[in-house]
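A.B. asks: Would you mind keeping the following structure in view while I ask a few things?
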Amino acid sequence: MYEAEKLCDHIALLNEGKIVEFGAPDEICRRYNHQKKIHIRLKNGEEVLLEHDRSCGERICEFFLRDEVETIHSSEPNLETIFMELTGRKLEK
C-alpha cells in the first residue's frame, strides 16, 4: 500500500472483487481522517496532542514562536488503515 500511496494518481481498494473506495490516495486518506488531531513533539521531549480545530492555532503558534517544536504531524490514516476499516481485515502478502 505504501508504494501505491506514493506512486499512483488514483487507486481502487477492492474487497472480494468489489470496489469499496476509489480516488487519489491523499484524498482518500483525508476523507477517512476521523481523529482530526495534531501531534506535536517539543524539543524537551513532551508530546502534545491537540484537536484539529480553530482553537489549536494559537497554541501551535506559541510553540513555534518559543522555538519549542521538534516535529508536528496531522493524524491522517494511511491506505492500509483505511483498507482495514472498510473491509474488517488486514492485507494479505
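Within each chain, counting starts at residue 1; across the C-alpha cells, chains are named A, B, ... in the order shown, with ligands numbered 1 upward in that order.
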Got a sec: who's within 7 Å of range 68-70 of chain A, counting only C-alpha atoms, leaving out chain neighbours fewer than 6 positions off, as a count of residues only?

C.D. replies: 4

A.B. asks: Please provide the set of residues having any atom within 10 Å of Glu80 in chain A, restricted to only C-alpha atoms, with same-chain residues fewer than 4 positions apart removed, written as a ChimeraX atom specification.

C.D. replies: /A:1-2,5,13,29,84-86,89-91

A.B. asks: Using DSSP secondary structure from the backbone, list all helix (DSSP H, G or I) positions within range 23-70 of chain A, as a list of chain:residue names.

C.D. replies: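 Matching residues for helix (DSSP H, G or I) in range 23-70 of chain A are A:Pro25, A:Asp26, A:Glu27, A:Ile28, A:Cys29, A:Arg30, A:Arg31, A:Cys56, A:Gly57, A:Glu58, A:Arg59, A:Ile60, A:Cys61, A:Glu62, A:Phe63, A:Phe64, A:Leu65.
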
A.B. asks: Create the file for the chosen residues now, containing all heavy atoms and written as a short mmCIF file (atom, residue, chain, number, x, y, z; two decimals), in the first residue's frame.

C.D. replies:
data_model
loop_
_atom_site.label_atom_id
_atom_site.label_comp_id
_atom_site.auth_asym_id
_atom_site.auth_seq_id
_atom_site.Cartn_x
_atom_site.Cartn_y
_atom_site.Cartn_z
N PRO A 25 -4.95 8.85 -3.68
CA PRO A 25 -4.58 8.37 -2.35
C PRO A 25 -4.67 9.43 -1.25
O PRO A 25 -5.23 9.16 -0.18
CB PRO A 25 -3.14 7.89 -2.54
CG PRO A 25 -3.06 7.51 -3.98
CD PRO A 25 -3.94 8.49 -4.69
N ASP A 26 -4.18 10.65 -1.52
CA ASP A 26 -4.22 11.67 -0.48
C ASP A 26 -5.65 12.10 -0.16
O ASP A 26 -6.00 12.36 0.99
CB ASP A 26 -3.34 12.87 -0.84
CG ASP A 26 -3.75 13.55 -2.13
OD1 ASP A 26 -4.36 12.90 -3.00
OD2 ASP A 26 -3.44 14.75 -2.28
N GLU A 27 -6.52 12.14 -1.17
CA GLU A 27 -7.92 12.48 -0.93
C GLU A 27 -8.62 11.41 -0.10
O GLU A 27 -9.41 11.72 0.80
CB GLU A 27 -8.65 12.67 -2.25
CG GLU A 27 -8.22 13.90 -3.01
CD GLU A 27 -8.83 13.97 -4.41
OE1 GLU A 27 -9.63 13.08 -4.77
OE2 GLU A 27 -8.47 14.91 -5.14
N ILE A 28 -8.34 10.16 -0.40
CA ILE A 28 -8.94 9.06 0.37
C ILE A 28 -8.49 9.14 1.83
O ILE A 28 -9.30 9.02 2.74
CB ILE A 28 -8.58 7.69 -0.24
CG1 ILE A 28 -9.23 7.54 -1.61
CG2 ILE A 28 -9.01 6.55 0.69
CD1 ILE A 28 -8.77 6.32 -2.39
N CYS A 29 -7.21 9.38 2.04
CA CYS A 29 -6.69 9.47 3.42
C CYS A 29 -7.34 10.62 4.18
O CYS A 29 -7.69 10.46 5.36
CB CYS A 29 -5.17 9.61 3.40
SG CYS A 29 -4.32 8.12 2.85
N ARG A 30 -7.52 11.75 3.54
CA ARG A 30 -8.19 12.87 4.23
C ARG A 30 -9.66 12.55 4.50
O ARG A 30 -10.21 12.93 5.54
CB ARG A 30 -8.06 14.15 3.40
CG ARG A 30 -6.68 14.76 3.46
CD ARG A 30 -6.64 16.17 2.90
NE ARG A 30 -7.18 16.27 1.55
CZ ARG A 30 -6.46 16.11 0.43
NH1 ARG A 30 -5.18 15.84 0.51
NH2 ARG A 30 -7.02 16.23 -0.75
N ARG A 31 -10.31 11.85 3.59
CA ARG A 31 -11.73 11.51 3.74
C ARG A 31 -11.97 10.63 4.97
O ARG A 31 -13.01 10.71 5.61
CB ARG A 31 -12.21 10.79 2.48
CG ARG A 31 -13.69 10.64 2.37
CD ARG A 31 -14.13 10.03 1.05
NE ARG A 31 -13.49 10.68 -0.08
CZ ARG A 31 -12.98 10.05 -1.15
NH1 ARG A 31 -13.07 8.75 -1.26
NH2 ARG A 31 -12.43 10.72 -2.14
N CYS A 56 -6.70 25.36 18.33
CA CYS A 56 -5.33 24.87 18.46
C CYS A 56 -4.33 25.78 17.75
O CYS A 56 -3.14 25.72 18.02
CB CYS A 56 -5.18 23.43 18.00
SG CYS A 56 -5.16 23.20 16.22
N GLY A 57 -4.79 26.63 16.85
CA GLY A 57 -3.90 27.50 16.09
C GLY A 57 -3.02 28.39 16.96
O GLY A 57 -1.82 28.54 16.72
N GLU A 58 -3.61 28.98 17.98
CA GLU A 58 -2.85 29.86 18.87
C GLU A 58 -1.78 29.09 19.64
O GLU A 58 -0.66 29.56 19.78
CB GLU A 58 -3.79 30.58 19.84
CG GLU A 58 -4.65 31.62 19.16
CD GLU A 58 -5.58 32.31 20.13
OE1 GLU A 58 -5.43 32.15 21.36
OE2 GLU A 58 -6.47 33.03 19.64
N ARG A 59 -2.12 27.90 20.12
CA ARG A 59 -1.13 27.09 20.85
C ARG A 59 0.02 26.69 19.95
O ARG A 59 1.18 26.75 20.34
CB ARG A 59 -1.78 25.84 21.46
CG ARG A 59 -2.71 26.22 22.59
CD ARG A 59 -2.92 25.17 23.63
NE ARG A 59 -1.75 24.54 24.18
CZ ARG A 59 -1.75 23.31 24.69
NH1 ARG A 59 -2.84 22.60 24.68
NH2 ARG A 59 -0.65 22.81 25.19
N ILE A 60 -0.30 26.27 18.72
CA ILE A 60 0.76 25.89 17.78
C ILE A 60 1.66 27.08 17.51
O ILE A 60 2.89 26.96 17.51
CB ILE A 60 0.15 25.34 16.47
CG1 ILE A 60 -0.56 24.02 16.74
CG2 ILE A 60 1.22 25.18 15.40
CD1 ILE A 60 -1.38 23.50 15.57
N CYS A 61 1.07 28.23 17.29
CA CYS A 61 1.83 29.46 17.05
C CYS A 61 2.75 29.77 18.23
O CYS A 61 3.93 30.11 18.04
CB CYS A 61 0.87 30.61 16.78
SG CYS A 61 1.70 32.14 16.34
N GLU A 62 2.25 29.63 19.45
CA GLU A 62 3.07 29.89 20.64
C GLU A 62 4.27 28.95 20.70
O GLU A 62 5.39 29.38 21.01
CB GLU A 62 2.22 29.71 21.90
CG GLU A 62 1.20 30.80 22.12
CD GLU A 62 0.26 30.49 23.29
OE1 GLU A 62 0.56 29.57 24.08
OE2 GLU A 62 -0.77 31.17 23.38
N PHE A 63 4.04 27.66 20.41
CA PHE A 63 5.15 26.71 20.42
C PHE A 63 6.22 27.11 19.41
O PHE A 63 7.41 27.06 19.70
CB PHE A 63 4.66 25.29 20.11
CG PHE A 63 3.82 24.66 21.19
CD1 PHE A 63 2.64 24.01 20.86
CD2 PHE A 63 4.22 24.70 22.52
CE1 PHE A 63 1.86 23.42 21.85
CE2 PHE A 63 3.45 24.11 23.51
CZ PHE A 63 2.26 23.47 23.18
N PHE A 64 5.81 27.52 18.21
CA PHE A 64 6.77 27.93 17.18
C PHE A 64 7.48 29.23 17.55
O PHE A 64 8.69 29.37 17.35
CB PHE A 64 6.10 28.06 15.81
CG PHE A 64 6.01 26.76 15.07
CD1 PHE A 64 4.80 26.11 14.93
CD2 PHE A 64 7.14 26.18 14.51
CE1 PHE A 64 4.70 24.90 14.24
CE2 PHE A 64 7.07 24.97 13.83
CZ PHE A 64 5.84 24.34 13.69
N LEU A 65 6.74 30.19 18.10
CA LEU A 65 7.36 31.46 18.49
C LEU A 65 8.42 31.27 19.58
O LEU A 65 9.41 31.99 19.61
CB LEU A 65 6.30 32.45 18.96
CG LEU A 65 5.39 33.02 17.86
CD1 LEU A 65 4.26 33.84 18.48
CD2 LEU A 65 6.20 33.86 16.89
#

A.B. asks: Output as an MDAnalysis selection string all residues of chain A that backbone DSSP marks as strand (DSSP E).

C.D. replies: chainID A and resid 11:15 18:23 37:42 47:51 69:74

A.B. asks: Write the residues of the preceding selection, restricted to C-alpha atoms, as a PDB file, in the first residue's frame.

C.D. replies:
ATOM      1  CA  ILE A  11      -6.300   3.797  -6.689  1.00  0.00           C
ATOM      2  CA  ALA A  12      -9.189   1.417  -6.162  1.00  0.00           C
ATOM      3  CA  LEU A  13      -9.500  -0.551  -2.921  1.00  0.00           C
ATOM      4  CA  LEU A  14     -11.091  -3.934  -3.580  1.00  0.00           C
ATOM      5  CA  ASN A  15     -12.855  -6.282  -1.202  1.00  0.00           C
ATOM      6  CA  LYS A  18     -15.850  -5.197  -5.429  1.00  0.00           C
ATOM      7  CA  ILE A  19     -14.510  -1.635  -5.385  1.00  0.00           C
ATOM      8  CA  VAL A  20     -15.076  -0.254  -1.880  1.00  0.00           C
ATOM      9  CA  GLU A  21     -13.192   3.016  -2.422  1.00  0.00           C
ATOM     10  CA  PHE A  22     -11.708   4.890  -5.385  1.00  0.00           C
ATOM     11  CA  GLY A  23      -9.787   8.131  -5.754  1.00  0.00           C
ATOM     12  CA  LYS A  37      -5.662  15.533  15.747  1.00  0.00           C
ATOM     13  CA  ILE A  38      -2.365  17.408  15.584  1.00  0.00           C
ATOM     14  CA  HIS A  39       0.617  15.626  17.180  1.00  0.00           C
ATOM     15  CA  ILE A  40       3.446  17.885  18.330  1.00  0.00           C
ATOM     16  CA  ARG A  41       6.702  16.741  19.871  1.00  0.00           C
ATOM     17  CA  LEU A  42       8.501  19.508  21.714  1.00  0.00           C
ATOM     18  CA  GLU A  47       4.210  15.093  23.436  1.00  0.00           C
ATOM     19  CA  VAL A  48       1.247  17.404  22.807  1.00  0.00           C
ATOM     20  CA  LEU A  49      -1.981  16.183  21.189  1.00  0.00           C
ATOM     21  CA  LEU A  50      -4.375  18.895  20.005  1.00  0.00           C
ATOM     22  CA  GLU A  51      -7.819  18.803  18.426  1.00  0.00           C
ATOM     23  CA  VAL A  69       8.693  22.408  18.147  1.00  0.00           C
ATOM     24  CA  GLU A  70      10.750  19.355  17.201  1.00  0.00           C
ATOM     25  CA  THR A  71       8.091  17.687  14.981  1.00  0.00           C
ATOM     26  CA  ILE A  72       4.481  18.277  14.030  1.00  0.00           C
ATOM     27  CA  HIS A  73       2.124  15.826  12.294  1.00  0.00           C
ATOM     28  CA  SER A  74      -1.539  15.551  11.476  1.00  0.00           C
TER      29      SER A  74
END

A.B. asks: Considering only C-alpha atoms, state which residue in the set A:Glu3, A:Glu16, A:Asp9, A:Glu76 is at the smallest distance from Gly88 in chain A.

C.D. replies: A:Glu16

A.B. asks: Just checking: using only C-alpha atoms, which residue out of A:Cys8, A:Ala24, A:Asn33, A:Thr87 ends up closest to Ser75 in chain A?

C.D. replies: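 Comparing A:Cys8, A:Ala24, A:Asn33, A:Thr87 against Ser75 in chain A, the winner is A:Asn33.
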
A.B. asks: Could you tell me how far CA of Asn78 in chain A lies from CA of Asp53 in chain A, in Å and to one decimal?

C.D. replies: 21.1 Å

A.B. asks: Mind pulling up the distance from CA of Lys6 in chain A to CA of Leu79 in chain A?

C.D. replies: 10.6 Å

A.B. asks: Which value, in Å to one decimal, gives the distance between CA of Thr81 in chain A and CA of Ala4 in chain A?

C.D. replies: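 A separation of 13.6 Å between them.
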